[in-house]
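Participant: My file is start.csv. It has CSV, C-alpha atoms:
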chain,number,residue,atom,x,y,z
A,194,MET,CA,18.5,56.8,23.6
A,195,ALA,CA,15.5,58.5,22.1
A,196,THR,CA,15.5,61.2,24.9
A,197,LEU,CA,19.2,61.9,24.3
A,198,LYS,CA,18.5,62.4,20.6
A,199,THR,CA,15.6,64.7,21.4
A,200,LEU,CA,17.7,66.9,23.7
A,201,THR,CA,20.5,67.0,21.2
A,202,LEU,CA,18.0,68.1,18.5
A,203,VAL,CA,16.6,70.9,20.8
A,204,VAL,CA,20.1,72.2,21.5
A,205,VAL,CA,21.0,72.2,17.8
A,206,LEU,CA,17.7,74.1,17.0
A,207,PHE,CA,18.4,76.6,19.8
A,208,HIS,CA,21.9,77.4,18.5
A,209,ILE,CA,20.6,77.7,15.0
A,210,ASP,CA,17.9,80.0,16.1
A,211,VAL,CA,20.3,82.1,18.2
A,212,ASN,CA,22.8,82.4,15.4
A,213,VAL,CA,20.2,83.4,12.8
A,214,TYR,CA,18.0,85.7,14.8
A,215,GLY,CA,20.2,86.8,17.7
A,216,LEU,CA,18.9,87.7,21.1
A,217,SER,CA,17.4,91.1,20.4
A,218,SER,CA,14.7,90.9,23.1
A,219,ASP,CA,13.1,88.7,25.7
A,220,GLU,CA,9.8,88.6,23.7
A,221,SER,CA,11.5,87.4,20.6
A,222,CYS,CA,13.3,84.7,22.5
A,223,ARG,CA,10.0,83.5,24.1
A,224,GLU,CA,8.3,83.4,20.8
A,225,ARG,CA,11.1,81.4,19.2
A,226,LEU,CA,11.2,79.0,22.2
A,227,ASP,CA,7.5,78.4,21.8
A,228,ASN,CA,8.0,77.6,18.1
A,229,ASN,CA,10.8,75.2,19.0
A,230,GLU,CA,8.6,73.4,21.5
A,231,ILE,CA,5.9,73.0,18.9
A,232,LEU,CA,8.4,71.7,16.5
A,233,LEU,CA,9.8,69.3,19.1
A,234,ALA,CA,6.3,68.0,19.9
A,235,LYS,CA,5.8,67.2,16.2
A,236,LEU,CA,9.2,65.5,16.0
A,237,ASN,CA,8.3,63.4,19.1
A,238,GLU,CA,5.0,62.4,17.4
A,239,LYS,CA,6.9,61.4,14.3
A,240,LEU,CA,9.4,59.4,16.4
A,241,GLU,CA,6.6,57.5,18.2
A,242,ASN,CA,4.9,56.7,14.9
A,243,HIS,CA,8.2,55.5,13.5
A,244,GLN,CA,8.7,53.3,16.6
A,245,ALA,CA,5.2,51.9,16.2
A,246,ASP,CA,6.0,51.0,12.6
A,247,ASN,CA,9.2,49.3,13.7
A,248,THR,CA,7.2,47.2,16.2
A,249,LYS,CA,4.8,46.1,13.4
A,250,ASP,CA,7.7,45.3,11.2
A,251,GLU,CA,9.3,43.2,13.9
A,252,ALA,CA,6.1,41.3,14.4
A,253,ILE,CA,5.8,40.6,10.7
A,254,PHE,CA,9.4,39.5,10.7
A,255,LYS,CA,8.8,37.1,13.6
A,256,VAL,CA,5.8,35.6,11.7
A,257,ILE,CA,7.9,35.1,8.6
A,258,GLN,CA,10.6,33.5,10.7
A,259,ASP,CA,8.1,31.1,12.3
A,260,GLU,CA,6.7,30.2,8.9
A,261,ASN,CA,10.1,29.6,7.5
A,262,SER,CA,11.0,27.3,10.4
A,263,TYR,CA,7.7,25.3,9.8
A,264,LEU,CA,8.4,25.0,6.1
A,265,LYS,CA,11.9,23.7,6.8
A,266,ARG,CA,10.5,21.1,9.2
A,267,ARG,CA,7.8,20.1,6.7
A,268,LEU,CA,10.3,19.9,3.9
A,269,LYS,CA,12.5,17.5,6.0
A,270,SER,CA,9.4,15.4,6.8
A,271,LEU,CA,8.5,15.2,3.1
A,272,GLU,CA,12.1,14.2,2.2
A,273,GLU,CA,11.9,11.4,4.7
A,274,ILE,CA,8.6,10.3,3.2
A,275,VAL,CA,10.0,10.3,-0.3
A,276,LEU,CA,13.0,8.3,0.9
A,277,THR,CA,10.8,5.8,2.6
A,278,SER,CA,8.5,5.5,-0.5
A,279,THR,CA,11.6,5.0,-2.7
A,280,TYR,CA,12.8,2.3,-0.5
A,281,ARG,CA,9.4,0.6,-0.4
A,282,THR,CA,9.2,0.9,-4.2
A,283,GLU,CA,12.6,-0.7,-4.7
A,284,LYS,CA,11.5,-3.6,-2.4
A,285,LEU,CA,8.3,-4.0,-4.3
A,286,GLU,CA,10.0,-4.0,-7.6
A,287,ALA,CA,12.4,-6.7,-6.3
A,288,ARG,CA,9.5,-8.7,-5.0
A,289,ILE,CA,7.7,-8.4,-8.4
A,290,ALA,CA,10.8,-9.7,-10.2
A,291,ASP,CA,11.0,-12.6,-7.8
A,292,LEU,CA,7.3,-13.4,-8.3
A,293,GLU,CA,7.7,-13.2,-12.1
A,294,SER,CA,10.7,-15.6,-11.9
A,295,SER,CA,8.7,-18.0,-9.6
A,296,ASN,CA,5.7,-17.7,-11.9
A,297,TRP,CA,7.8,-18.8,-14.9
A,298,PHE,CA,9.2,-21.7,-12.9
A,299,LEU,CA,5.8,-22.8,-11.8
A,300,LYS,CA,4.4,-22.6,-15.4
A,301,SER,CA,7.4,-24.7,-16.5
A,302,ARG,CA,6.7,-27.3,-13.8
A,303,LEU,CA,3.0,-27.4,-14.7
A,304,THR,CA,3.8,-27.9,-18.4
A,305,THR,CA,6.1,-30.8,-17.5
A,306,ALA,CA,3.4,-32.3,-15.2
A,307,ASN,CA,0.8,-32.0,-17.9
A,308,ASN,CA,3.0,-33.7,-20.4
A,309,ASN,CA,3.9,-36.5,-18.0
A,310,TYR,CA,0.2,-37.0,-17.1
A,311,SER,CA,-0.7,-37.3,-20.8
A,312,PHE,CA,2.1,-39.8,-21.4
A,313,ASP,CA,1.0,-41.9,-18.5
A,314,GLU,CA,-2.6,-42.0,-19.7
A,315,ASN,CA,-1.5,-43.1,-23.2
A,316,TYR,CA,0.9,-45.7,-21.8
A,317,LEU,CA,-1.8,-47.1,-19.4
A,318,SER,CA,-4.3,-47.3,-22.2
A,319,SER,CA,-1.8,-49.2,-24.3
A,320,LEU,CA,-1.2,-51.7,-21.5
A,321,PHE,CA,-4.9,-52.3,-21.0
A,322,TRP,CA,-5.4,-53.0,-24.7
A,323,ASN,CA,-2.5,-55.4,-24.7
A,324,LEU,CA,-3.9,-57.2,-21.7
A,325,LYS,CA,-7.3,-57.4,-23.3
A,326,ALA,CA,-5.8,-58.8,-26.5
A,327,SER,CA,-3.8,-61.4,-24.4
A,328,ASP,CA,-7.0,-62.5,-22.7
A,329,SER,CA,-8.7,-62.9,-26.0
A,330,ARG,CA,-5.8,-65.0,-27.3
A,331,LYS,CA,-5.8,-67.1,-24.2
A,332,GLU,CA,-9.5,-67.9,-24.4
A,333,SER,CA,-9.3,-68.9,-28.1
A,334,THR,CA,-6.1,-70.9,-27.7
A,335,THR,CA,-6.5,-74.7,-28.1
A,336,THR,CA,-3.0,-75.4,-29.1
A,337,LYS,CA,-0.2,-77.2,-27.3
A,338,THR,CA,0.2,-77.0,-23.6
A,339,SER,CA,3.6,-75.4,-23.9
A,340,THR,CA,2.2,-72.6,-26.0
A,341,THR,CA,-0.7,-72.1,-23.5
A,342,HIS,CA,1.8,-72.0,-20.7
A,343,GLY,CA,3.9,-69.4,-22.5
A,344,ASN,CA,0.8,-67.2,-23.1
A,345,GLU,CA,-0.2,-67.4,-19.5
A,346,MET,CA,3.3,-66.3,-18.3
A,347,LYS,CA,3.1,-63.4,-20.8
A,348,THR,CA,-0.3,-62.4,-19.5
A,349,ARG,CA,0.8,-62.5,-15.9
A,350,LEU,CA,3.8,-60.3,-16.7
A,351,GLN,CA,1.6,-57.8,-18.5
A,352,THR,CA,-0.9,-57.8,-15.7
A,353,SER,CA,1.8,-57.2,-13.1
A,354,MET,CA,3.1,-54.3,-15.1
A,355,VAL,CA,-0.4,-52.8,-15.4
A,356,LYS,CA,-1.0,-53.1,-11.7
A,357,ARG,CA,2.4,-51.5,-10.9
A,358,LYS,CA,1.7,-48.6,-13.2
A,359,ILE,CA,-1.8,-48.1,-11.7
A,360,ARG,CA,-0.3,-47.9,-8.2
A,361,GLN,CA,2.2,-45.3,-9.4
A,362,LEU,CA,-0.5,-43.2,-11.0
A,363,GLU,CA,-2.6,-43.4,-7.8
A,364,LYS,CA,0.3,-42.1,-5.7
A,365,LYS,CA,1.1,-39.3,-8.1
A,366,PRO,CA,-0.7,-36.0,-7.3
A,367,SER,CA,-3.0,-34.5,-9.9
A,368,VAL,CA,-2.1,-31.4,-11.9
A,369,SER,CA,-4.4,-29.2,-9.8
A,370,GLN,CA,-3.0,-30.7,-6.5
A,371,GLU,CA,0.6,-30.1,-7.7
A,372,LYS,CA,-0.3,-26.5,-8.6
A,373,ARG,CA,-1.7,-25.8,-5.2
A,374,LEU,CA,1.4,-27.4,-3.5
A,375,LEU,CA,3.7,-25.3,-5.7
A,376,THR,CA,2.0,-21.9,-5.3
A,377,GLY,CA,0.8,-22.2,-1.7
A,378,ILE,CA,-2.2,-20.1,-2.7
A,379,GLN,CA,-5.7,-21.2,-2.3
A,380,SER,CA,-7.4,-21.6,-5.7
A,381,THR,CA,-11.0,-21.4,-6.7
A,382,PRO,CA,-12.1,-23.6,-9.6
A,383,THR,CA,-13.7,-21.5,-12.3
A,384,PRO,CA,-15.0,-22.0,-15.8
A,385,PHE,CA,-13.9,-18.5,-16.7
A,386,PRO,CA,-10.2,-18.5,-17.9
A,387,ASP,CA,-10.0,-14.7,-18.0
A,388,GLY,CA,-11.9,-14.0,-14.8
A,389,VAL,CA,-10.3,-11.8,-12.2
A,390,ALA,CA,-11.9,-11.4,-8.7
A,391,PHE,CA,-10.9,-11.9,-5.1
A,392,SER,CA,-12.3,-11.5,-1.6
A,393,ALA,CA,-10.4,-12.0,1.6
A,394,TYR,CA,-10.8,-11.1,5.3
A,395,MET,CA,-8.8,-11.1,8.5
A,396,SER,CA,-9.2,-14.2,10.7
A,397,VAL,CA,-7.2,-12.8,13.6
A,398,HIS,CA,-9.3,-10.9,16.2
A,399,THR,CA,-6.6,-8.4,17.1
A,400,THR,CA,-3.7,-7.3,15.0
A,401,GLU,CA,-1.0,-4.8,16.1
A,402,ILE,CA,-0.3,-2.2,13.4
A,403,SER,CA,2.4,0.3,12.6
A,404,LYS,CA,2.7,3.3,10.3
A,405,GLY,CA,3.0,2.4,6.6
A,406,SER,CA,2.5,-1.4,7.2
A,407,THR,CA,0.6,-3.5,4.7
A,408,ILE,CA,-2.5,-5.2,6.0
A,409,HIS,CA,-2.6,-8.9,5.4
A,410,PHE,CA,-6.1,-10.3,4.8
A,411,ASP,CA,-5.2,-13.9,5.4
A,412,THR,CA,-8.4,-15.8,4.8
A,413,ILE,CA,-9.5,-16.1,1.1
A,414,VAL,CA,-13.2,-16.4,0.2
A,415,THR,CA,-12.7,-16.1,-3.6
A,416,ASN,CA,-9.5,-15.9,-5.6
A,417,ILE,CA,-10.5,-16.4,-9.3
A,418,GLY,CA,-7.2,-16.4,-11.2
A,419,ASN,CA,-5.1,-16.7,-8.1
A,420,HIS,CA,-3.9,-13.1,-8.3
A,421,TYR,CA,-4.3,-12.2,-4.6
A,422,ASN,CA,-1.5,-13.4,-2.2
A,423,LYS,CA,-2.8,-13.9,1.3
A,424,HIS,CA,0.7,-14.0,2.7
A,425,SER,CA,1.7,-10.5,1.4
A,426,GLY,CA,-1.7,-9.0,1.2
A,427,ILE,CA,-1.0,-7.9,-2.4
A,428,PHE,CA,-3.1,-8.2,-5.5
A,429,THR,CA,-1.2,-8.3,-8.8
A,430,ALA,CA,-3.2,-7.3,-11.9
A,431,PRO,CA,-2.9,-10.0,-14.6
A,432,GLN,CA,-4.0,-7.6,-17.3
A,433,HIS,CA,-4.8,-4.0,-18.1
A,434,GLY,CA,-8.3,-2.8,-17.4
A,435,VAL,CA,-10.6,-1.0,-15.0
A,436,TYR,CA,-10.9,-2.6,-11.6
A,437,VAL,CA,-13.1,-2.1,-8.6
A,438,PHE,CA,-11.6,-2.4,-5.0
A,439,THR,CA,-13.4,-2.2,-1.7
A,440,TRP,CA,-12.1,-2.5,1.9
A,441,ASN,CA,-13.4,-1.9,5.4
A,442,ILE,CA,-11.4,-1.7,8.7
A,443,TYR,CA,-12.5,-2.2,12.3
A,444,CYS,CA,-10.5,-0.9,15.2
A,445,ASN,CA,-10.8,-1.3,19.0
A,446,THR,CA,-13.2,0.5,21.2
A,447,GLY,CA,-12.4,4.2,21.3
A,448,GLY,CA,-9.6,3.8,18.7
A,449,TYR,CA,-9.2,5.2,15.2
A,450,ILE,CA,-7.2,4.1,12.1
A,451,PHE,CA,-6.3,6.0,8.9
A,452,SER,CA,-5.9,3.5,6.0
A,453,GLN,CA,-5.0,3.9,2.3
A,454,LEU,CA,-5.6,1.9,-0.9
A,455,VAL,CA,-2.3,2.0,-2.9
A,456,VAL,CA,-1.6,1.1,-6.6
A,457,ASN,CA,2.2,0.6,-6.8
A,458,SER,CA,3.3,3.6,-4.8
A,459,ASN,CA,0.3,5.9,-5.7
A,460,VAL,CA,-2.5,6.4,-3.1
A,461,VAL,CA,-5.8,6.1,-4.9
A,462,GLY,CA,-8.1,5.8,-1.9
A,463,ALA,CA,-8.1,6.8,1.8
A,464,MET,CA,-10.4,6.1,4.7
A,465,PHE,CA,-10.9,6.9,8.4
A,466,SER,CA,-12.2,4.2,10.7
A,467,SER,CA,-13.3,5.1,14.2
A,468,GLY,CA,-14.3,3.0,17.2
A,469,GLU,CA,-16.0,5.9,18.9
A,470,GLY,CA,-19.8,6.0,19.1
A,471,ALA,CA,-22.9,4.6,20.8
A,472,CYS,CA,-22.2,1.0,20.1
A,473,ASN,CA,-18.4,1.3,19.8
A,474,ILE,CA,-18.4,-0.9,16.7
A,475,ARG,CA,-18.3,1.1,13.5
A,476,THR,CA,-16.6,1.0,10.1
A,477,PRO,CA,-16.9,2.8,6.8
A,478,THR,CA,-16.3,1.1,3.5
A,479,GLY,CA,-13.9,2.5,0.9
A,480,ILE,CA,-14.7,2.0,-2.8
A,481,VAL,CA,-12.3,2.9,-5.6
A,482,VAL,CA,-12.7,2.4,-9.4
A,483,VAL,CA,-9.3,2.7,-11.0
A,484,GLU,CA,-7.5,1.9,-14.2
A,485,VAL,CA,-4.7,-0.6,-13.6
A,486,ASN,CA,-1.9,-1.8,-15.9
A,487,GLN,CA,-0.7,-5.4,-16.2
A,488,GLY,CA,1.7,-6.2,-13.4
A,489,ASP,CA,0.6,-3.4,-11.1
A,490,ILE,CA,0.2,-4.3,-7.4
A,491,VAL,CA,-2.7,-3.2,-5.2
A,492,PHE,CA,-2.8,-3.3,-1.4
A,493,VAL,CA,-4.2,-1.7,1.7
A,494,ARG,CA,-1.9,-0.1,4.2
A,495,ILE,CA,-1.9,2.0,7.4
A,496,HIS,CA,-1.2,5.7,6.8
A,497,PRO,CA,2.6,6.1,6.7
A,498,THR,CA,2.6,9.4,8.7
A,499,GLY,CA,-0.8,9.8,10.3
A,500,ASN,CA,-1.3,8.7,13.9
A,501,HIS,CA,-3.6,5.9,14.9
A,502,SER,CA,-5.0,4.7,18.2
A,503,GLY,CA,-5.5,1.0,19.1
A,504,ASN,CA,-5.2,-2.1,17.0
A,505,LEU,CA,-7.0,-3.5,14.0
A,506,ASN,CA,-9.8,-5.9,14.8
A,507,SER,CA,-11.9,-8.6,13.0
A,508,HIS,CA,-14.6,-10.9,14.2
A,509,PRO,CA,-16.9,-13.5,12.6
A,510,ASP,CA,-19.8,-11.1,13.0
A,511,TRP,CA,-17.9,-8.0,11.7
A,512,ARG,CA,-15.0,-8.7,9.5
A,513,SER,CA,-12.2,-6.5,8.2
A,514,SER,CA,-12.0,-7.3,4.5
A,515,PHE,CA,-10.4,-6.5,1.1
A,516,ASN,CA,-12.2,-7.2,-2.2
A,517,GLY,CA,-11.6,-6.5,-5.9
A,518,TRP,CA,-12.7,-7.5,-9.4
A,519,LYS,CA,-12.1,-6.5,-13.0
A,520,LEU,CA,-14.9,-4.4,-14.3
A,521,TYR,CA,-13.9,-4.4,-18.0
Take the structure I supplied and represent it as structure tokens, if you would.
Facilitator:
Amino acid sequence: MATLKTLTLVVVLFHIDVNVYGLSSDESCRERLDNNEILLAKLNEKLENHQADNTKDEAIFKVIQDENSYLKRRLKSLEEIVLTSTYRTEKLEARIADLESSNWFLKSRLTTANNNYSFDENYLSSLFWNLKASDSRKESTTTKTSTTHGNEMKTRLQTSMVKRKIRQLEKKPSVSQEKRLLTGIQSTPTPFPDGVAFSAYMSVHTTEISKGSTIHFDTIVTNIGNHYNKHSGIFTAPQHGVYVFTWNIYCNTGGYIFSQLVVNSNVVGAMFSSGEGACNIRTPTGIVVVEVNQGDIVFVRIHPTGNHSGNLNSHPDWRSSFNGWKLY
């Protein structure tokens, strides 16, 4: 195509030259032909430069197309992540509502249990005093046999009632026992009513994991305030403040795991655990100091999009754990 254009241009230039200058002599024709050849060479050079510029433009256009395709794929991936996060947030909000409802029910049950326990103590004390008074009257009585017999019958009835009430109280669980049965969460007795601290680790040696899954640290060492749930792996902040959270993760030999510390749906900490190395048993420790509002949930999860290799491990000599406490 380029050659055809060049030939056409030469013919046009030749005709123009002939029409303008005529064919007066062979020498004049030769001179004009040389000039046309020089002009043609310049035109070819410009054409080659133009083609080179077109090649560069095509390369740039190809790069832009590739970047555009990548951005479209990335946008689709981010949209999927947002949808997943929205779904998880809705589930967490529903879970929080259920927990708040359960918490209100448990508080109501505990209040009733405390009132019943106080009533039983007062009633038992009254019965004992009545029994003691009856015994005193019995010892000092020197009246008629019929009167003595009546007092003895009354004393036996009161004694029977006291014994029956004692048996009922012995069978009835204490308030702390009822609280543990209702919550299903291990409690740690504490003299600090406003204390907040927990420490838990994984008791299972090997745990299969998946992207975005919450890690359940199922064995509680400390749970002051009972705000960590070992079944869900979630800590719920009882009050606003600054909290400290730490976690460490072990993986199998040659494997690796990306984990995140999440407050509600916000990632506030991230960590990479690798089983590669001289001893094949390694773990970092993640530490985060963060301001948390009352009712916020905090948990450790596997990275929702990053890849991992192998499973999560824990052992009595090297435990995967999750800890937290209120700083102030």
Participant: Could you jot down the atom CA of A:Ser467 to atom CA of A:Tyr443 separation for me, Å, one decimal place?
Facilitator: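 Spanning atom CA of A:Ser467 to atom CA of A:Tyr443 is a straight-line distance of 7.6 Å.
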Participant: Kindly give the distance, in Å, that separates atom CA of A:Ala290 and atom CA of A:Leu276, rounded to a single decimal.
Facilitator: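 Atom CA of A:Ala290 sits 21.3 Å away from atom CA of A:Leu276.
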Participant: May I ask for the distance between atom CA of A:Lys519 and atom CA of A:Ser466, given in Å to one decimal place?
Facilitator: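 It comes out at 26.0 Å.
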Participant: With only C-alpha atoms as the atoms that count, which of A:Lys284, A:Arg512, A:Arg267, A:His398 lies nearest to A:Ser458?
Facilitator: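 Using only C-alpha atoms, the shortest distance to A:Ser458 belongs to A:Lys284.
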Participant: At a cut-off of 9 Å, can you tabulate as a tab-separated table every residue of stretch 403-507 of chain A near stretch 386-394 of chain A together with its closest atom pair and the distance in Å to one decimal, using only C-alpha atoms and ordering rows by chain then number?
Facilitator:
residue	atom	partner	partner_atom	distance
A:His409	CA	A:Tyr394	CA	8.5
A:Phe410	CA	A:Tyr394	CA	4.8
A:Asp411	CA	A:Tyr394	CA	6.3
A:Thr412	CA	A:Tyr394	CA	5.3
A:Ile413	CA	A:Ala393	CA	4.2
A:Val414	CA	A:Ser392	CA	5.3
A:Thr415	CA	A:Phe391	CA	4.8
A:Asn416	CA	A:Phe391	CA	4.3
A:Ile417	CA	A:Ala390	CA	5.2
A:Gly418	CA	A:Val389	CA	5.6
A:Asn419	CA	A:Phe391	CA	8.1
A:His420	CA	A:Val389	CA	7.6
A:Tyr421	CA	A:Phe391	CA	6.6
A:Lys423	CA	A:Ala393	CA	7.8
A:Phe428	CA	A:Phe391	CA	8.6
A:Ala430	CA	A:Val389	CA	8.4
A:Pro431	CA	A:Val389	CA	8.0
A:Ser507	CA	A:Tyr394	CA	8.2
Participant: Mind checking which residues fall within 12 Å of A:Thr282, counting all atoms listed in the file, ignoring those fewer than 2 positions away in the same chain, and posting them as a CSV table (one decimal) with C-alpha atoms, in the coordinates of the input?
Facilitator:
chain,number,residue,atom,x,y,z
A,274,ILE,CA,8.6,10.3,3.2
A,275,VAL,CA,10.0,10.3,-0.3
A,276,LEU,CA,13.0,8.3,0.9
A,277,THR,CA,10.8,5.8,2.6
A,278,SER,CA,8.5,5.5,-0.5
A,279,THR,CA,11.6,5.0,-2.7
A,280,TYR,CA,12.8,2.3,-0.5
A,284,LYS,CA,11.5,-3.6,-2.4
A,285,LEU,CA,8.3,-4.0,-4.3
A,286,GLU,CA,10.0,-4.0,-7.6
A,287,ALA,CA,12.4,-6.7,-6.3
A,288,ARG,CA,9.5,-8.7,-5.0
A,289,ILE,CA,7.7,-8.4,-8.4
A,455,VAL,CA,-2.3,2.0,-2.9
A,456,VAL,CA,-1.6,1.1,-6.6
A,457,ASN,CA,2.2,0.6,-6.8
A,458,SER,CA,3.3,3.6,-4.8
A,459,ASN,CA,0.3,5.9,-5.7
A,489,ASP,CA,0.6,-3.4,-11.1
A,490,ILE,CA,0.2,-4.3,-7.4
Participant: Compare A:Glu401, A:Asp510, A:Glu484, A:Glu469 by their minimum atom-to-atom distance to A:Gly434, counting all atoms listed in the file, and give me the closest one.
Facilitator: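 The answer is A:Glu484, which sits nearest to A:Gly434.
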Participant: List the spatial neighbours of A:His433 as a list in words - criterion: any atom at most 7 Å away, all atoms listed in the file, same-chain residues fewer than 5 positions off excluded.
Facilitator: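 Non-adjacent residues within range: Val485, Asn486 and Gln487 of chain A.
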Participant: Considering all atoms listed in the file, return as a ChimeraX atom specification whatever protein or nucleic-acid residues lie within 12 Å of A:Val461, sequence-local ones (same chain, fewer than 2 positions apart) excluded.
Facilitator: /A:437-439,452-459,463-464,479-485,491-494
Participant: What would stretch 401-417 of chain A look like with N, CA and C atoms restored, written as a CSV table (one decimal), in the coordinates of the input?
Facilitator:
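Just written: selection15.csv:
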chain,number,residue,atom,x,y,z
A,401,GLU,N,-1.8,-6.0,15.8
A,401,GLU,CA,-1.0,-4.8,16.1
A,401,GLU,C,-0.6,-4.2,14.7
A,402,ILE,N,-0.7,-2.9,14.6
A,402,ILE,CA,-0.3,-2.2,13.4
A,402,ILE,C,0.7,-1.1,13.6
A,403,SER,N,1.4,-0.7,12.6
A,403,SER,CA,2.4,0.3,12.6
A,403,SER,C,2.2,1.2,11.4
A,404,LYS,N,2.8,2.4,11.4
A,404,LYS,CA,2.7,3.3,10.3
A,404,LYS,C,3.3,2.7,9.0
A,405,GLY,N,2.5,2.8,7.9
A,405,GLY,CA,3.0,2.4,6.6
A,405,GLY,C,3.0,0.9,6.4
A,406,SER,N,2.5,0.1,7.4
A,406,SER,CA,2.5,-1.4,7.2
A,406,SER,C,1.3,-1.8,6.3
A,407,THR,N,1.6,-2.9,5.5
A,407,THR,CA,0.6,-3.5,4.7
A,407,THR,C,-0.3,-4.4,5.5
A,408,ILE,N,-1.6,-4.3,5.3
A,408,ILE,CA,-2.5,-5.2,6.0
A,408,ILE,C,-2.7,-6.5,5.3
A,409,HIS,N,-2.5,-7.6,6.0
A,409,HIS,CA,-2.6,-8.9,5.4
A,409,HIS,C,-4.0,-9.5,5.7
A,410,PHE,N,-4.8,-9.6,4.7
A,410,PHE,CA,-6.1,-10.3,4.8
A,410,PHE,C,-5.9,-11.7,4.5
A,411,ASP,N,-5.8,-12.6,5.5
A,411,ASP,CA,-5.2,-13.9,5.4
A,411,ASP,C,-6.2,-15.0,5.1
A,412,THR,N,-7.5,-14.8,5.1
A,412,THR,CA,-8.4,-15.8,4.8
A,412,THR,C,-9.1,-15.5,3.5
A,413,ILE,N,-9.0,-16.4,2.5
A,413,ILE,CA,-9.5,-16.1,1.1
A,413,ILE,C,-10.9,-16.7,1.0
A,414,VAL,N,-11.8,-15.9,0.5
A,414,VAL,CA,-13.2,-16.4,0.2
A,414,VAL,C,-13.2,-16.8,-1.3
A,415,THR,N,-12.7,-15.9,-2.1
A,415,THR,CA,-12.7,-16.1,-3.6
A,415,THR,C,-11.4,-15.6,-4.1
A,416,ASN,N,-10.8,-16.3,-5.0
A,416,ASN,CA,-9.5,-15.9,-5.6
A,416,ASN,C,-9.5,-16.4,-7.1
A,417,ILE,N,-10.4,-16.0,-7.9
A,417,ILE,CA,-10.5,-16.4,-9.3
A,417,ILE,C,-9.2,-15.9,-10.0
